[in-house]
Amino acid sequence: MVRLPLTPAELERGQRLGALLRRARGERSILVVALDARVSPETLRKIETGRVATPAFPTIAALAGVLGLSLDAVWAEMNRPAPELSESRA
């Protein structure tokens with residue numbers, strides 16, 4: 001099965017998710033957080049850098065739980081309007 005390329009909006013959401021996870025992780029190592037969430041460190045690294053822009057829900061839920069983030073906060077961050085869209089409406 002061929003996977004369709006991600007849209008610019010999907011890539012942007014992936015970047016916002018990665019930034020949120022990096023901020024929440026703080027000084028903790030990728031290894032510790034990944035192992036606590038039962039994902040590979042490479043998976044976490046790819047999500048944080050935006051290379052995996054659409055991770056599976058169970059992965060996001062596990063990482064959010066380990067990092068003390070509510071899924072509502074993660075959803076809100078991933079779906080906030082892009083700055084250029086809100087600026088053009090003003």
# chains A, B, ... in the order shown; residues from 1 in each chain; ligands from 1
$ residues_around --residues "Gly68 in chain A" --least-positions-apart "4" --cutoff "12 Å" --atoms "only C-alpha atoms" --output "PyMOL selection string"
chain A and resi 20-21+23-26+33+37+60-64+72-74
$ write_last_selection --atoms "all heavy atoms" --output "short mmCIF file (atom, residue, chain, number, x, y, z; two decimals), in the first residue's frame"
data_model
loop_
_atom_site.label_atom_id
_atom_site.label_comp_id
_atom_site.auth_asym_id
_atom_site.auth_seq_id
_atom_site.Cartn_x
_atom_site.Cartn_y
_atom_site.Cartn_z
N LEU A 20 5.97 20.52 21.33
CA LEU A 20 5.29 20.34 22.61
C LEU A 20 5.94 19.23 23.42
O LEU A 20 6.20 19.39 24.62
CB LEU A 20 3.81 20.03 22.37
CG LEU A 20 2.99 19.69 23.61
CD1 LEU A 20 2.89 20.87 24.54
CD2 LEU A 20 1.61 19.19 23.20
N LEU A 21 6.22 18.12 22.78
CA LEU A 21 6.84 17.00 23.50
C LEU A 21 8.24 17.35 23.98
O LEU A 21 8.62 16.99 25.11
CB LEU A 21 6.88 15.75 22.61
CG LEU A 21 5.52 15.17 22.22
CD1 LEU A 21 5.70 13.98 21.29
CD2 LEU A 21 4.69 14.80 23.43
N ARG A 23 9.34 20.36 24.79
CA ARG A 23 9.19 21.27 25.93
C ARG A 23 8.78 20.50 27.18
O ARG A 23 9.30 20.73 28.26
CB ARG A 23 8.14 22.35 25.63
CG ARG A 23 8.60 23.42 24.69
CD ARG A 23 7.64 24.61 24.65
NE ARG A 23 6.25 24.23 24.43
CZ ARG A 23 5.67 24.13 23.25
NH1 ARG A 23 6.36 24.37 22.15
NH2 ARG A 23 4.38 23.80 23.15
N ALA A 24 7.83 19.58 27.03
CA ALA A 24 7.35 18.81 28.18
C ALA A 24 8.43 17.88 28.73
O ALA A 24 8.50 17.65 29.93
CB ALA A 24 6.11 18.02 27.79
N ARG A 25 9.26 17.35 27.84
CA ARG A 25 10.34 16.45 28.28
C ARG A 25 11.38 17.20 29.08
O ARG A 25 11.97 16.65 30.02
CB ARG A 25 10.98 15.79 27.04
CG ARG A 25 12.01 14.75 27.40
CD ARG A 25 12.41 13.93 26.20
NE ARG A 25 12.89 14.68 25.07
CZ ARG A 25 14.14 15.16 24.94
NH1 ARG A 25 15.03 14.94 25.88
NH2 ARG A 25 14.48 15.83 23.85
N GLY A 26 11.61 18.47 28.75
CA GLY A 26 12.57 19.28 29.49
C GLY A 26 13.96 18.68 29.49
O GLY A 26 14.50 18.35 28.43
N VAL A 33 12.36 8.81 28.79
CA VAL A 33 10.95 9.09 28.45
C VAL A 33 10.42 8.02 27.50
O VAL A 33 9.32 7.50 27.69
CB VAL A 33 10.80 10.50 27.84
CG1 VAL A 33 9.40 10.72 27.29
CG2 VAL A 33 11.13 11.56 28.90
N ALA A 37 7.40 5.31 28.25
CA ALA A 37 6.20 5.29 27.41
C ALA A 37 6.09 4.01 26.59
O ALA A 37 5.12 3.84 25.86
CB ALA A 37 6.20 6.50 26.50
N ILE A 60 0.92 8.65 21.02
CA ILE A 60 0.74 9.99 21.58
C ILE A 60 0.21 9.90 23.00
O ILE A 60 0.68 10.60 23.89
CB ILE A 60 -0.21 10.82 20.69
CG1 ILE A 60 0.40 11.06 19.33
CG2 ILE A 60 -0.55 12.15 21.36
CD1 ILE A 60 -0.54 11.70 18.33
N ALA A 61 -0.77 9.02 23.21
CA ALA A 61 -1.36 8.87 24.54
C ALA A 61 -0.32 8.41 25.56
O ALA A 61 -0.28 8.92 26.69
CB ALA A 61 -2.53 7.90 24.49
N ALA A 62 0.52 7.46 25.18
CA ALA A 62 1.55 6.97 26.10
C ALA A 62 2.56 8.06 26.43
O ALA A 62 2.93 8.24 27.60
CB ALA A 62 2.26 5.76 25.48
N LEU A 63 2.99 8.80 25.42
CA LEU A 63 3.95 9.88 25.66
C LEU A 63 3.33 10.98 26.51
O LEU A 63 3.97 11.50 27.44
CB LEU A 63 4.47 10.45 24.34
CG LEU A 63 5.40 9.51 23.57
CD1 LEU A 63 5.60 10.01 22.14
CD2 LEU A 63 6.73 9.37 24.29
N ALA A 64 2.10 11.33 26.23
CA ALA A 64 1.41 12.36 27.01
C ALA A 64 1.31 11.94 28.47
O ALA A 64 1.56 12.75 29.38
CB ALA A 64 0.03 12.64 26.43
N ASP A 72 -6.21 16.59 25.96
CA ASP A 72 -6.86 17.83 25.52
C ASP A 72 -5.83 18.89 25.17
O ASP A 72 -5.96 19.60 24.17
CB ASP A 72 -7.81 18.37 26.59
CG ASP A 72 -9.06 17.53 26.75
OD1 ASP A 72 -9.45 16.84 25.78
OD2 ASP A 72 -9.65 17.56 27.85
N ALA A 73 -4.78 19.01 25.99
CA ALA A 73 -3.73 20.00 25.73
C ALA A 73 -2.96 19.64 24.46
O ALA A 73 -2.62 20.52 23.67
CB ALA A 73 -2.77 20.09 26.92
N VAL A 74 -2.69 18.37 24.27
CA VAL A 74 -1.98 17.93 23.07
C VAL A 74 -2.84 18.24 21.84
O VAL A 74 -2.36 18.79 20.85
CB VAL A 74 -1.64 16.42 23.14
CG1 VAL A 74 -1.06 15.93 21.83
CG2 VAL A 74 -0.66 16.16 24.28
#
$ closest_residue --among "A:Glu77, A:Asp36, A:Glu48, A:Glu42" --to "Gly65 in chain A" --atoms "only C-alpha atoms"
A:Asp36
$ closest_residue --among "A:Leu69, A:Leu6, A:Gly18, A:Leu31" --to "Lys46 in chain A" --atoms "only C-alpha atoms"
A:Gly18
$ atom_distance --atom1 "CA of Arg80 in chain A" --atom2 "CA of Arg13 in chain A"
8.6 Å
$ closest_residue --among "A:Ser40, A:Thr49, A:Thr54, A:Ser29" --to "Thr7 in chain A" --atoms "only C-alpha atoms"
A:Thr54
$ closest_residue --among "A:Leu35, A:Ala76, A:Ile30, A:Leu17" --to "Gly50 in chain A" --atoms "only C-alpha atoms"
A:Leu17
$ select_by_dssp --residues "chain A" --states "helix (DSSP H, G or I)" --output "ChimeraX atom specification"
/A:8-25,30-37,41-49,57-67,71-78,83-89
$ write_last_selection --atoms "C-alpha atoms" --output "short mmCIF file (atom, residue, chain, number, x, y, z; two decimals), in the first residue's frame"
data_model
loop_
_atom_site.label_atom_id
_atom_site.label_comp_id
_atom_site.auth_asym_id
_atom_site.auth_seq_id
_atom_site.Cartn_x
_atom_site.Cartn_y
_atom_site.Cartn_z
CA PRO A 8 1.56 21.09 4.59
CA ALA A 9 -1.04 21.31 7.37
CA GLU A 10 -0.23 17.77 8.54
CA LEU A 11 3.49 18.56 8.52
CA GLU A 12 2.85 21.73 10.54
CA ARG A 13 0.81 19.80 13.11
CA GLY A 14 3.65 17.29 13.38
CA GLN A 15 6.13 20.09 14.03
CA ARG A 16 3.87 21.55 16.76
CA LEU A 17 3.48 18.11 18.37
CA GLY A 18 7.24 17.58 18.36
CA ALA A 19 7.88 21.00 19.91
CA LEU A 20 5.29 20.34 22.61
CA LEU A 21 6.84 17.00 23.50
CA ARG A 22 10.35 18.49 23.60
CA ARG A 23 9.19 21.27 25.93
CA ALA A 24 7.35 18.81 28.18
CA ARG A 25 10.34 16.45 28.28
CA ILE A 30 14.87 10.81 25.25
CA LEU A 31 15.86 7.30 26.38
CA VAL A 32 14.17 7.54 29.79
CA VAL A 33 10.95 9.09 28.45
CA ALA A 34 10.75 6.66 25.53
CA LEU A 35 11.27 3.60 27.70
CA ASP A 36 8.72 4.83 30.27
CA ALA A 37 6.20 5.29 27.41
CA PRO A 41 13.94 6.20 21.56
CA GLU A 42 14.22 6.50 17.77
CA THR A 43 10.45 6.81 17.47
CA LEU A 44 10.39 9.59 20.05
CA ARG A 45 13.31 11.31 18.32
CA LYS A 46 11.50 11.16 14.97
CA ILE A 47 8.28 12.53 16.47
CA GLU A 48 10.12 15.36 18.22
CA THR A 49 11.90 16.37 15.03
CA PHE A 57 -2.88 7.66 18.84
CA PRO A 58 -1.65 5.05 21.38
CA THR A 59 1.88 6.42 20.95
CA ILE A 60 0.74 9.99 21.58
CA ALA A 61 -1.36 8.87 24.54
CA ALA A 62 1.55 6.97 26.10
CA LEU A 63 3.95 9.88 25.66
CA ALA A 64 1.41 12.36 27.01
CA GLY A 65 0.87 10.20 30.07
CA VAL A 66 4.59 9.91 30.82
CA LEU A 67 5.11 13.65 30.28
CA LEU A 71 -4.68 14.70 25.70
CA ASP A 72 -6.86 17.83 25.52
CA ALA A 73 -3.73 20.00 25.73
CA VAL A 74 -1.98 17.93 23.07
CA TRP A 75 -5.03 18.15 20.79
CA ALA A 76 -5.33 21.92 21.30
CA GLU A 77 -1.64 22.47 20.50
CA MET A 78 -1.74 20.31 17.39
CA PRO A 83 -0.01 32.20 12.63
CA GLU A 84 -0.20 33.19 8.96
CA LEU A 85 -3.86 32.17 8.79
CA SER A 86 -4.91 34.14 11.85
CA GLU A 87 -2.86 37.17 10.76
CA SER A 88 -4.45 37.25 7.30
CA ARG A 89 -7.93 37.33 8.85
#
$ closest_residue --among "A:Asn79, A:Ala56, A:Ser70, A:Arg51" --to "Val39 in chain A" --atoms "only C-alpha atoms"
A:Ala56
$ decode --residues "chain A" --atoms "C-alpha atoms" --output "CSV table (one decimal), in the first residue's frame"
chain,number,residue,atom,x,y,z
A,1,MET,CA,0.0,0.0,0.0
A,2,VAL,CA,1.4,3.4,-1.0
A,3,ARG,CA,1.1,6.1,1.6
A,4,LEU,CA,0.1,9.5,0.3
A,5,PRO,CA,2.4,12.4,0.9
A,6,LEU,CA,1.5,14.5,3.9
A,7,THR,CA,-0.2,17.9,3.4
A,8,PRO,CA,1.6,21.1,4.6
A,9,ALA,CA,-1.0,21.3,7.4
A,10,GLU,CA,-0.2,17.8,8.5
A,11,LEU,CA,3.5,18.6,8.5
A,12,GLU,CA,2.9,21.7,10.5
A,13,ARG,CA,0.8,19.8,13.1
A,14,GLY,CA,3.6,17.3,13.4
A,15,GLN,CA,6.1,20.1,14.0
A,16,ARG,CA,3.9,21.6,16.8
A,17,LEU,CA,3.5,18.1,18.4
A,18,GLY,CA,7.2,17.6,18.4
A,19,ALA,CA,7.9,21.0,19.9
A,20,LEU,CA,5.3,20.3,22.6
A,21,LEU,CA,6.8,17.0,23.5
A,22,ARG,CA,10.4,18.5,23.6
A,23,ARG,CA,9.2,21.3,25.9
A,24,ALA,CA,7.4,18.8,28.2
A,25,ARG,CA,10.3,16.5,28.3
A,26,GLY,CA,12.6,19.3,29.5
A,27,GLU,CA,15.9,18.0,30.8
A,28,ARG,CA,14.8,14.3,30.8
A,29,SER,CA,16.6,12.2,28.3
A,30,ILE,CA,14.9,10.8,25.3
A,31,LEU,CA,15.9,7.3,26.4
A,32,VAL,CA,14.2,7.5,29.8
A,33,VAL,CA,11.0,9.1,28.4
A,34,ALA,CA,10.7,6.7,25.5
A,35,LEU,CA,11.3,3.6,27.7
A,36,ASP,CA,8.7,4.8,30.3
A,37,ALA,CA,6.2,5.3,27.4
A,38,ARG,CA,7.1,1.9,25.9
A,39,VAL,CA,8.2,3.4,22.6
A,40,SER,CA,11.6,3.2,21.0
A,41,PRO,CA,13.9,6.2,21.6
A,42,GLU,CA,14.2,6.5,17.8
A,43,THR,CA,10.4,6.8,17.5
A,44,LEU,CA,10.4,9.6,20.1
A,45,ARG,CA,13.3,11.3,18.3
A,46,LYS,CA,11.5,11.2,15.0
A,47,ILE,CA,8.3,12.5,16.5
A,48,GLU,CA,10.1,15.4,18.2
A,49,THR,CA,11.9,16.4,15.0
A,50,GLY,CA,8.7,16.1,12.9
A,51,ARG,CA,10.0,13.3,10.8
A,52,VAL,CA,6.9,11.3,12.0
A,53,ALA,CA,4.2,13.9,11.6
A,54,THR,CA,1.3,11.6,12.2
A,55,PRO,CA,2.1,9.1,15.0
A,56,ALA,CA,-0.4,6.6,16.1
A,57,PHE,CA,-2.9,7.7,18.8
A,58,PRO,CA,-1.7,5.0,21.4
A,59,THR,CA,1.9,6.4,21.0
A,60,ILE,CA,0.7,10.0,21.6
A,61,ALA,CA,-1.4,8.9,24.5
A,62,ALA,CA,1.6,7.0,26.1
A,63,LEU,CA,4.0,9.9,25.7
A,64,ALA,CA,1.4,12.4,27.0
A,65,GLY,CA,0.9,10.2,30.1
A,66,VAL,CA,4.6,9.9,30.8
A,67,LEU,CA,5.1,13.7,30.3
A,68,GLY,CA,2.1,14.7,32.4
A,69,LEU,CA,0.2,16.2,29.5
A,70,SER,CA,-3.5,16.0,29.1
A,71,LEU,CA,-4.7,14.7,25.7
A,72,ASP,CA,-6.9,17.8,25.5
A,73,ALA,CA,-3.7,20.0,25.7
A,74,VAL,CA,-2.0,17.9,23.1
A,75,TRP,CA,-5.0,18.2,20.8
A,76,ALA,CA,-5.3,21.9,21.3
A,77,GLU,CA,-1.6,22.5,20.5
A,78,MET,CA,-1.7,20.3,17.4
A,79,ASN,CA,-4.9,22.0,16.0
A,80,ARG,CA,-4.3,25.7,16.8
A,81,PRO,CA,-4.5,27.9,13.8
A,82,ALA,CA,-1.3,28.6,12.0
A,83,PRO,CA,0.0,32.2,12.6
A,84,GLU,CA,-0.2,33.2,9.0
A,85,LEU,CA,-3.9,32.2,8.8
A,86,SER,CA,-4.9,34.1,11.8
A,87,GLU,CA,-2.9,37.2,10.8
A,88,SER,CA,-4.5,37.2,7.3
A,89,ARG,CA,-7.9,37.3,8.8
A,90,ALA,CA,-7.1,40.3,11.0
